[in-house]
$ cat my_file-v4.txt   # compact mmCIF, C-alpha atoms
# COMPACT_ATOMS: atom_id res chain seq x y z
CA MET J 24 -57.24 69.52 153.57
CA SER J 25 -54.44 71.84 152.50
CA MET J 26 -55.39 74.58 150.07
CA ASN J 27 -53.44 77.20 148.09
CA ILE J 28 -55.41 80.36 147.36
CA LEU J 29 -54.11 82.99 144.96
CA VAL J 30 -55.36 86.57 145.28
CA ALA J 31 -54.76 88.99 142.42
CA TYR J 32 -54.00 92.30 144.14
CA ASP J 33 -53.58 95.77 142.65
CA GLY J 34 -54.76 98.00 145.48
CA SER J 35 -58.20 98.60 143.96
CA ASP J 36 -61.32 98.29 146.09
CA LEU J 37 -62.24 95.06 144.31
CA SER J 38 -58.82 93.52 144.95
CA LYS J 39 -59.23 94.42 148.62
CA LYS J 40 -62.61 92.64 148.53
CA ALA J 41 -60.80 89.67 146.97
CA VAL J 42 -58.46 89.56 149.97
CA GLU J 43 -61.47 89.58 152.31
CA GLU J 44 -63.07 86.76 150.31
CA ALA J 45 -59.84 84.76 150.53
CA LYS J 46 -60.03 85.12 154.31
CA GLU J 47 -63.49 83.55 154.19
CA GLN J 48 -62.25 80.73 151.96
CA VAL J 49 -59.43 79.99 154.42
CA LYS J 50 -62.05 79.17 157.05
CA LEU J 51 -63.24 76.29 154.84
CA ALA J 52 -59.86 74.59 154.56
CA GLU J 53 -57.18 73.36 156.94
CA ASP J 54 -53.61 74.49 156.39
CA ALA J 55 -54.56 77.07 153.74
CA VAL J 56 -51.92 79.38 152.34
CA VAL J 57 -52.94 82.65 150.72
CA HIS J 58 -50.67 83.87 147.92
CA VAL J 59 -51.17 87.59 147.28
CA VAL J 60 -49.69 88.56 143.94
CA THR J 61 -49.41 91.80 142.01
CA VAL J 62 -48.47 91.66 138.34
CA ILE J 63 -46.74 94.62 136.74
CA SER J 64 -47.00 94.68 132.98
CA ASN J 65 -46.67 97.26 130.27
CA GLY J 66 -50.06 98.78 129.61
CA GLY J 67 -49.45 99.83 126.04
CA PRO J 68 -47.07 100.12 123.12
CA THR J 69 -43.61 101.52 123.63
CA VAL J 70 -40.83 102.58 121.32
CA ASN J 71 -38.12 102.12 123.94
CA ALA J 72 -38.10 98.69 125.59
CA ALA J 73 -35.35 99.62 128.07
CA LEU J 74 -37.32 102.63 129.26
CA ALA J 75 -40.49 100.53 129.57
CA ARG J 76 -38.62 97.95 131.66
CA ALA J 77 -37.22 100.64 133.95
CA PHE J 78 -40.74 102.05 134.34
CA MET J 79 -42.11 98.60 135.23
CA ASP J 80 -39.30 98.10 137.76
CA ASP J 81 -40.24 101.43 139.38
CA LEU J 82 -43.91 100.41 139.51
CA ALA J 83 -42.93 97.12 141.15
CA GLU J 84 -41.03 98.97 143.86
CA GLU J 85 -44.05 101.22 144.43
CA ALA J 86 -46.31 98.15 144.74
CA ARG J 87 -44.24 96.39 147.41
CA PRO J 88 -45.32 98.47 150.46
CA ALA J 89 -49.03 97.94 149.72
CA ILE J 90 -48.65 94.21 149.30
CA GLN J 91 -46.62 94.08 152.54
CA GLU J 92 -49.56 95.69 154.34
CA VAL J 93 -51.79 92.91 153.06
CA TYR J 94 -49.24 90.38 154.32
CA LYS J 95 -49.25 91.96 157.78
CA ASP J 96 -53.06 91.99 157.86
CA LEU J 97 -53.32 88.31 156.94
CA GLU J 98 -50.52 87.36 159.35
CA ALA J 99 -52.31 89.24 162.15
CA ASP J 100 -55.38 87.09 161.44
CA GLY J 101 -53.25 83.95 161.76
CA ILE J 102 -53.36 83.19 158.03
CA ALA J 103 -50.30 81.74 156.32
CA CYS J 104 -49.40 84.07 153.49
CA GLU J 105 -46.90 84.59 150.70
CA THR J 106 -46.66 87.80 148.72
CA GLU J 107 -44.98 88.52 145.45
CA VAL J 108 -44.74 91.33 142.92
CA LEU J 109 -44.23 89.80 139.49
CA ILE J 110 -42.98 91.78 136.52
CA ASP J 111 -43.99 90.55 133.09
CA TYR J 112 -41.50 92.00 130.61
CA SER J 113 -43.10 90.10 127.74
CA PHE J 114 -45.80 92.76 127.28
CA ARG J 115 -48.64 90.18 127.53
CA ASN J 116 -51.93 90.41 129.32
CA PRO J 117 -51.04 90.15 133.05
CA GLY J 118 -53.44 87.21 133.34
CA SER J 119 -50.85 85.05 131.57
CA LYS J 120 -48.33 85.65 134.36
CA MET J 121 -50.99 84.96 137.00
CA ILE J 122 -51.92 81.66 135.32
CA GLU J 123 -48.24 80.63 135.16
CA TYR J 124 -47.86 81.43 138.87
CA ALA J 125 -50.97 79.38 139.66
CA LYS J 126 -49.52 76.36 137.85
CA GLU J 127 -46.08 76.71 139.46
CA LYS J 128 -47.49 76.99 142.99
CA ASP J 129 -50.25 74.35 142.63
CA ILE J 130 -52.97 76.90 143.32
CA ASP J 131 -56.41 75.46 144.09
CA LEU J 132 -58.40 78.70 143.87
CA ILE J 133 -57.78 82.11 142.29
CA VAL J 134 -59.72 85.02 143.82
CA LEU J 135 -59.78 88.30 141.92
CA GLY J 136 -61.87 91.38 141.31
CA SER J 137 -63.94 91.78 138.18
CA ARG J 138 -62.06 94.99 137.37
CA GLY J 139 -58.93 96.65 138.70
CA LEU J 140 -57.17 99.98 138.62
CA GLY J 141 -56.41 99.96 134.91
CA GLY J 142 -53.87 102.24 133.34
CA VAL J 143 -50.29 101.76 132.24
CA GLY J 144 -48.45 99.14 134.25
CA ARG J 145 -51.44 98.31 136.38
CA PHE J 146 -53.23 95.04 136.70
CA ILE J 147 -56.12 95.57 134.29
CA LEU J 148 -58.81 93.28 135.64
CA GLY J 149 -61.59 92.92 133.17
CA SER J 150 -59.57 91.57 130.31
CA VAL J 151 -57.40 89.88 132.92
CA SER J 152 -60.28 88.35 134.85
CA THR J 153 -61.80 87.10 131.60
CA GLN J 154 -58.53 85.47 130.57
CA ILE J 155 -58.06 83.83 133.97
CA VAL J 156 -61.63 82.50 134.07
CA HIS J 157 -61.18 80.91 130.64
CA GLN J 158 -57.59 79.63 130.91
CA ALA J 159 -56.89 78.77 134.56
CA GLU J 160 -56.77 75.08 135.37
CA CYS J 161 -58.08 75.64 138.90
CA LYS J 162 -61.25 77.14 140.34
CA VAL J 163 -61.68 80.91 139.93
CA LEU J 164 -63.79 83.18 142.12
CA VAL J 165 -64.49 86.67 140.74
CA VAL J 166 -65.73 89.26 143.24
CA LYS J 167 -67.84 92.30 142.36

$ encode --input "my_file-v4.txt" --output "structure tokens"
Amino acid sequence: MSMNILVAYDGSDLSKKAVEEAKEQVKLAEDAVVHVVTVISNGGPTVNAALARAFMDDLAEEARPAIQEVYKDLEADGIACETEVLIDYSFRNPGSKMIEYAKEKDIDLIVLGSRGLGGVGRFILGSVSTQIVHQAECKVLVVK
């Protein structure tokens, strides 16, 4: 059975554990595709929206090499993989963008860490993982 697995990735130890868990989940399904996604969002209030957007764009560029390493690792293990760095300019909780992605890509399972790196522009798992657990329409696996 084909399966789409979404991994929320921010470079934290728990997001790396989420990637490893996704590898285990792939073993349970035929034709699984792992989607590794980083969401860049504003971490706080700003008085200059243009400056905040430029900052988020810079963070997205910084995130691309790390997510490419994950792609190479999964590919080396023979796992079909897609990676994407999403920028949420709407200043919402990054979980909203992850849930939208899951709906658009017909994701069957979201795997994410219970907490992430935190900080401005980072994927703040905790509030994000809570939102995803409560609002996602698919199964969610939270790793600790």

$ residues_near_point --input "my_file-v4.txt" --point "(-58.5, 87.4, 133.9)" --cutoff "7 Å" --atoms "all atoms listed in the file" --output "short mmCIF file (atom, residue, chain, number, x, y, z; two decimals) with C-alpha atoms, in the coordinates of the input"
data_model
loop_
_atom_site.label_atom_id
_atom_site.label_comp_id
_atom_site.auth_asym_id
_atom_site.auth_seq_id
_atom_site.Cartn_x
_atom_site.Cartn_y
_atom_site.Cartn_z
CA GLY J 118 -53.44 87.21 133.34
CA LEU J 148 -58.81 93.28 135.64
CA GLY J 149 -61.59 92.92 133.17
CA SER J 150 -59.57 91.57 130.31
CA VAL J 151 -57.40 89.88 132.92
CA SER J 152 -60.28 88.35 134.85
CA THR J 153 -61.80 87.10 131.60
CA GLN J 154 -58.53 85.47 130.57
CA ILE J 155 -58.06 83.83 133.97
CA VAL J 156 -61.63 82.50 134.07
#

$ atom_distance --input "my_file-v4.txt" --atom1 "atom CA of Val59 of chain J" --atom2 "atom CA of Val108 of chain J"
8.6 Å

$ axis_aligned_box --input "my_file-v4.txt" --around "segment 156-165 of chain J" --padding-each-side "3 Å" --output "lines of an AutoDock Vina configuration file"
center_x = -60.6
center_y = 80.9
center_z = 136.4
size_x = 13.7
size_y = 17.6
size_z = 17.5

$ residues_around --input "my_file-v4.txt" --residues "segment 120-135 of chain J" --least-positions-apart "2" --cutoff "8 Å" --atoms "all atoms listed in the file" --output "JSON, numbers by chain"
{"J": [26, 27, 28, 29, 30, 31, 32, 37, 38, 41, 42, 44, 45, 60, 62, 109, 111, 116, 117, 118, 137, 152, 155, 158, 159, 160, 161, 162, 163, 164, 165, 166]}

$ atom_distance --input "my_file-v4.txt" --atom1 "atom CA of Glu43 of chain J" --atom2 "atom CA of Met79 of chain J"
27.3 Å

$ closest_residue --input "my_file-v4.txt" --among "J:Lys40, J:Ser113, J:Lys167, J:Glu107" --to "Ala89 of chain J" --atoms "only C-alpha atoms"
J:Glu107

$ closest_residue --input "my_file-v4.txt" --among "J:Asn71, J:Ser35, J:Asn65, J:Ser25" --to "Ala52 of chain J" --atoms "only C-alpha atoms"
J:Ser25

$ closest_residue --input "my_file-v4.txt" --among "J:Asp36, J:His157, J:Val57, J:Ala83" --to "Gly101 of chain J" --atoms "all atoms listed in the file"
J:Val57

$ decode --input "my_file-v4.txt" --residues "segment 37-85 of chain J" --atoms "N, CA and C atoms" --output "PDB file, in the first residue's frame"
ATOM      1  N   LEU J  37      15.459  16.223  18.012  1.00  0.00           N
ATOM      2  CA  LEU J  37      14.177  15.528  17.911  1.00  0.00           C
ATOM      3  C   LEU J  37      13.679  15.439  16.472  1.00  0.00           C
ATOM      4  N   SER J  38      13.978  16.434  15.651  1.00  0.00           N
ATOM      5  CA  SER J  38      13.554  16.319  14.249  1.00  0.00           C
ATOM      6  C   SER J  38      14.402  15.278  13.526  1.00  0.00           C
ATOM      7  N   LYS J  39      15.649  15.125  13.945  1.00  0.00           N
ATOM      8  CA  LYS J  39      16.485  14.055  13.383  1.00  0.00           C
ATOM      9  C   LYS J  39      15.949  12.690  13.800  1.00  0.00           C
ATOM     10  N   LYS J  40      15.464  12.590  15.046  1.00  0.00           N
ATOM     11  CA  LYS J  40      14.833  11.342  15.494  1.00  0.00           C
ATOM     12  C   LYS J  40      13.552  11.085  14.700  1.00  0.00           C
ATOM     13  N   ALA J  41      12.853  12.149  14.335  1.00  0.00           N
ATOM     14  CA  ALA J  41      11.638  11.999  13.523  1.00  0.00           C
ATOM     15  C   ALA J  41      11.982  11.415  12.153  1.00  0.00           C
ATOM     16  N   VAL J  42      13.088  11.842  11.576  1.00  0.00           N
ATOM     17  CA  VAL J  42      13.532  11.274  10.292  1.00  0.00           C
ATOM     18  C   VAL J  42      13.815   9.785  10.460  1.00  0.00           C
ATOM     19  N   GLU J  43      14.493   9.420  11.542  1.00  0.00           N
ATOM     20  CA  GLU J  43      14.800   8.010  11.784  1.00  0.00           C
ATOM     21  C   GLU J  43      13.517   7.200  11.979  1.00  0.00           C
ATOM     22  N   GLU J  44      12.544   7.773  12.659  1.00  0.00           N
ATOM     23  CA  GLU J  44      11.260   7.085  12.842  1.00  0.00           C
ATOM     24  C   GLU J  44      10.542   6.925  11.505  1.00  0.00           C
ATOM     25  N   ALA J  45      10.625   7.935  10.656  1.00  0.00           N
ATOM     26  CA  ALA J  45      10.005   7.829   9.331  1.00  0.00           C
ATOM     27  C   ALA J  45      10.623   6.678   8.544  1.00  0.00           C
ATOM     28  N   LYS J  46      11.932   6.483   8.693  1.00  0.00           N
ATOM     29  CA  LYS J  46      12.594   5.357   8.027  1.00  0.00           C
ATOM     30  C   LYS J  46      11.995   4.032   8.494  1.00  0.00           C
ATOM     31  N   GLU J  47      11.690   3.935   9.771  1.00  0.00           N
ATOM     32  CA  GLU J  47      11.076   2.720  10.306  1.00  0.00           C
ATOM     33  C   GLU J  47       9.660   2.545   9.766  1.00  0.00           C
ATOM     34  N   GLN J  48       8.928   3.633   9.644  1.00  0.00           N
ATOM     35  CA  GLN J  48       7.560   3.573   9.131  1.00  0.00           C
ATOM     36  C   GLN J  48       7.541   3.147   7.664  1.00  0.00           C
ATOM     37  N   VAL J  49       8.559   3.545   6.912  1.00  0.00           N
ATOM     38  CA  VAL J  49       8.653   3.181   5.498  1.00  0.00           C
ATOM     39  C   VAL J  49       8.714   1.657   5.343  1.00  0.00           C
ATOM     40  N   LYS J  50       9.346   1.000   6.283  1.00  0.00           N
ATOM     41  CA  LYS J  50       9.464  -0.464   6.223  1.00  0.00           C
ATOM     42  C   LYS J  50       8.102  -1.153   6.306  1.00  0.00           C
ATOM     43  N   LEU J  51       7.104  -0.460   6.836  1.00  0.00           N
ATOM     44  CA  LEU J  51       5.769  -1.038   7.016  1.00  0.00           C
ATOM     45  C   LEU J  51       4.858  -0.824   5.813  1.00  0.00           C
ATOM     46  N   ALA J  52       5.308  -0.063   4.836  1.00  0.00           N
ATOM     47  CA  ALA J  52       4.454   0.263   3.693  1.00  0.00           C
ATOM     48  C   ALA J  52       5.220   0.087   2.388  1.00  0.00           C
ATOM     49  N   GLU J  53       4.506  -0.307   1.360  1.00  0.00           N
ATOM     50  CA  GLU J  53       5.097  -0.384   0.025  1.00  0.00           C
ATOM     51  C   GLU J  53       4.982   0.990  -0.630  1.00  0.00           C
ATOM     52  N   ASP J  54       5.904   1.313  -1.459  1.00  0.00           N
ATOM     53  CA  ASP J  54       5.862   2.558  -2.237  1.00  0.00           C
ATOM     54  C   ASP J  54       5.675   3.799  -1.371  1.00  0.00           C
ATOM     55  N   ALA J  55       6.328   3.844  -0.218  1.00  0.00           N
ATOM     56  CA  ALA J  55       6.217   5.012   0.658  1.00  0.00           C
ATOM     57  C   ALA J  55       7.079   6.157   0.127  1.00  0.00           C
ATOM     58  N   VAL J  56       6.592   7.352   0.302  1.00  0.00           N
ATOM     59  CA  VAL J  56       7.338   8.562  -0.019  1.00  0.00           C
ATOM     60  C   VAL J  56       7.431   9.380   1.258  1.00  0.00           C
ATOM     61  N   VAL J  57       8.651   9.791   1.602  1.00  0.00           N
ATOM     62  CA  VAL J  57       8.860  10.624   2.775  1.00  0.00           C
ATOM     63  C   VAL J  57       9.018  12.071   2.306  1.00  0.00           C
ATOM     64  N   HIS J  58       8.188  12.936   2.850  1.00  0.00           N
ATOM     65  CA  HIS J  58       8.245  14.377   2.571  1.00  0.00           C
ATOM     66  C   HIS J  58       8.894  15.036   3.777  1.00  0.00           C
ATOM     67  N   VAL J  59      10.067  15.606   3.593  1.00  0.00           N
ATOM     68  CA  VAL J  59      10.756  16.288   4.686  1.00  0.00           C
ATOM     69  C   VAL J  59      10.586  17.785   4.465  1.00  0.00           C
ATOM     70  N   VAL J  60       9.951  18.436   5.441  1.00  0.00           N
ATOM     71  CA  VAL J  60       9.566  19.833   5.264  1.00  0.00           C
ATOM     72  C   VAL J  60      10.038  20.672   6.447  1.00  0.00           C
ATOM     73  N   THR J  61      10.605  21.805   6.121  1.00  0.00           N
ATOM     74  CA  THR J  61      10.948  22.829   7.102  1.00  0.00           C
ATOM     75  C   THR J  61      10.042  24.018   6.863  1.00  0.00           C
ATOM     76  N   VAL J  62       9.482  24.556   7.928  1.00  0.00           N
ATOM     77  CA  VAL J  62       8.647  25.752   7.824  1.00  0.00           C
ATOM     78  C   VAL J  62       9.381  26.913   8.472  1.00  0.00           C
ATOM     79  N   ILE J  63       9.517  27.984   7.712  1.00  0.00           N
ATOM     80  CA  ILE J  63      10.104  29.219   8.228  1.00  0.00           C
ATOM     81  C   ILE J  63       8.958  30.181   8.465  1.00  0.00           C
ATOM     82  N   SER J  64       8.888  30.678   9.688  1.00  0.00           N
ATOM     83  CA  SER J  64       7.831  31.616  10.054  1.00  0.00           C
ATOM     84  C   SER J  64       8.409  32.661  10.979  1.00  0.00           C
ATOM     85  N   ASN J  65       7.783  33.803  11.022  1.00  0.00           N
ATOM     86  CA  ASN J  65       8.227  34.850  11.926  1.00  0.00           C
ATOM     87  C   ASN J  65       7.969  34.406  13.351  1.00  0.00           C
ATOM     88  N   GLY J  66       8.956  34.538  14.203  1.00  0.00           N
ATOM     89  CA  GLY J  66       8.827  34.082  15.573  1.00  0.00           C
ATOM     90  C   GLY J  66       8.292  35.115  16.536  1.00  0.00           C
ATOM     91  N   GLY J  67       7.984  36.300  16.063  1.00  0.00           N
ATOM     92  CA  GLY J  67       7.501  37.324  16.983  1.00  0.00           C
ATOM     93  C   GLY J  67       7.017  38.549  16.249  1.00  0.00           C
ATOM     94  N   PRO J  68       6.605  39.558  17.005  1.00  0.00           N
ATOM     95  CA  PRO J  68       6.077  40.770  16.373  1.00  0.00           C
ATOM     96  C   PRO J  68       7.170  41.521  15.627  1.00  0.00           C
ATOM     97  N   THR J  69       6.756  42.256  14.631  1.00  0.00           N
ATOM     98  CA  THR J  69       7.698  43.064  13.865  1.00  0.00           C
ATOM     99  C   THR J  69       7.031  44.375  13.480  1.00  0.00           C
ATOM    100  N   VAL J  70       7.825  45.406  13.396  1.00  0.00           N
ATOM    101  CA  VAL J  70       7.281  46.705  12.971  1.00  0.00           C
ATOM    102  C   VAL J  70       7.531  46.948  11.491  1.00  0.00           C
ATOM    103  N   ASN J  71       8.350  46.100  10.872  1.00  0.00           N
ATOM    104  CA  ASN J  71       8.686  46.274   9.466  1.00  0.00           C
ATOM    105  C   ASN J  71       8.474  44.941   8.742  1.00  0.00           C
ATOM    106  N   ALA J  72       7.338  44.807   8.091  1.00  0.00           N
ATOM    107  CA  ALA J  72       6.992  43.548   7.431  1.00  0.00           C
ATOM    108  C   ALA J  72       7.990  43.189   6.333  1.00  0.00           C
ATOM    109  N   ALA J  73       8.454  44.178   5.578  1.00  0.00           N
ATOM    110  CA  ALA J  73       9.405  43.901   4.493  1.00  0.00           C
ATOM    111  C   ALA J  73      10.714  43.341   5.045  1.00  0.00           C
ATOM    112  N   LEU J  74      11.171  43.904   6.148  1.00  0.00           N
ATOM    113  CA  LEU J  74      12.395  43.417   6.775  1.00  0.00           C
ATOM    114  C   LEU J  74      12.198  42.001   7.313  1.00  0.00           C
ATOM    115  N   ALA J  75      11.040  41.743   7.908  1.00  0.00           N
ATOM    116  CA  ALA J  75      10.737  40.399   8.420  1.00  0.00           C
ATOM    117  C   ALA J  75      10.716  39.382   7.290  1.00  0.00           C
ATOM    118  N   ARG J  76      10.134  39.749   6.154  1.00  0.00           N
ATOM    119  CA  ARG J  76      10.099  38.836   5.012  1.00  0.00           C
ATOM    120  C   ARG J  76      11.495  38.549   4.484  1.00  0.00           C
ATOM    121  N   ALA J  77      12.329  39.579   4.404  1.00  0.00           N
ATOM    122  CA  ALA J  77      13.701  39.384   3.943  1.00  0.00           C
ATOM    123  C   ALA J  77      14.456  38.463   4.911  1.00  0.00           C
ATOM    124  N   PHE J  78      14.218  38.646   6.189  1.00  0.00           N
ATOM    125  CA  PHE J  78      14.847  37.798   7.207  1.00  0.00           C
ATOM    126  C   PHE J  78      14.402  36.347   7.044  1.00  0.00           C
ATOM    127  N   MET J  79      13.105  36.126   6.815  1.00  0.00           N
ATOM    128  CA  MET J  79      12.593  34.766   6.619  1.00  0.00           C
ATOM    129  C   MET J  79      13.168  34.151   5.345  1.00  0.00           C
ATOM    130  N   ASP J  80      13.309  34.937   4.288  1.00  0.00           N
ATOM    131  CA  ASP J  80      13.914  34.438   3.052  1.00  0.00           C
ATOM    132  C   ASP J  80      15.347  33.978   3.303  1.00  0.00           C
ATOM    133  N   ASP J  81      16.096  34.780   4.089  1.00  0.00           N
ATOM    134  CA  ASP J  81      17.471  34.405   4.429  1.00  0.00           C
ATOM    135  C   ASP J  81      17.507  33.110   5.235  1.00  0.00           C
ATOM    136  N   LEU J  82      16.592  32.979   6.191  1.00  0.00           N
ATOM    137  CA  LEU J  82      16.529  31.747   6.990  1.00  0.00           C
ATOM    138  C   LEU J  82      16.206  30.534   6.119  1.00  0.00           C
ATOM    139  N   ALA J  83      15.342  30.734   5.127  1.00  0.00           N
ATOM    140  CA  ALA J  83      14.996  29.639   4.217  1.00  0.00           C
ATOM    141  C   ALA J  83      16.228  29.193   3.437  1.00  0.00           C
ATOM    142  N   GLU J  84      17.008  30.137   2.971  1.00  0.00           N
ATOM    143  CA  GLU J  84      18.233  29.787   2.236  1.00  0.00           C
ATOM    144  C   GLU J  84      19.210  29.037   3.137  1.00  0.00           C
ATOM    145  N   GLU J  85      19.292  29.444   4.397  1.00  0.00           N
ATOM    146  CA  GLU J  85      20.178  28.758   5.345  1.00  0.00           C
ATOM    147  C   GLU J  85      19.695  27.342   5.640  1.00  0.00           C
TER     148      GLU J  85
END
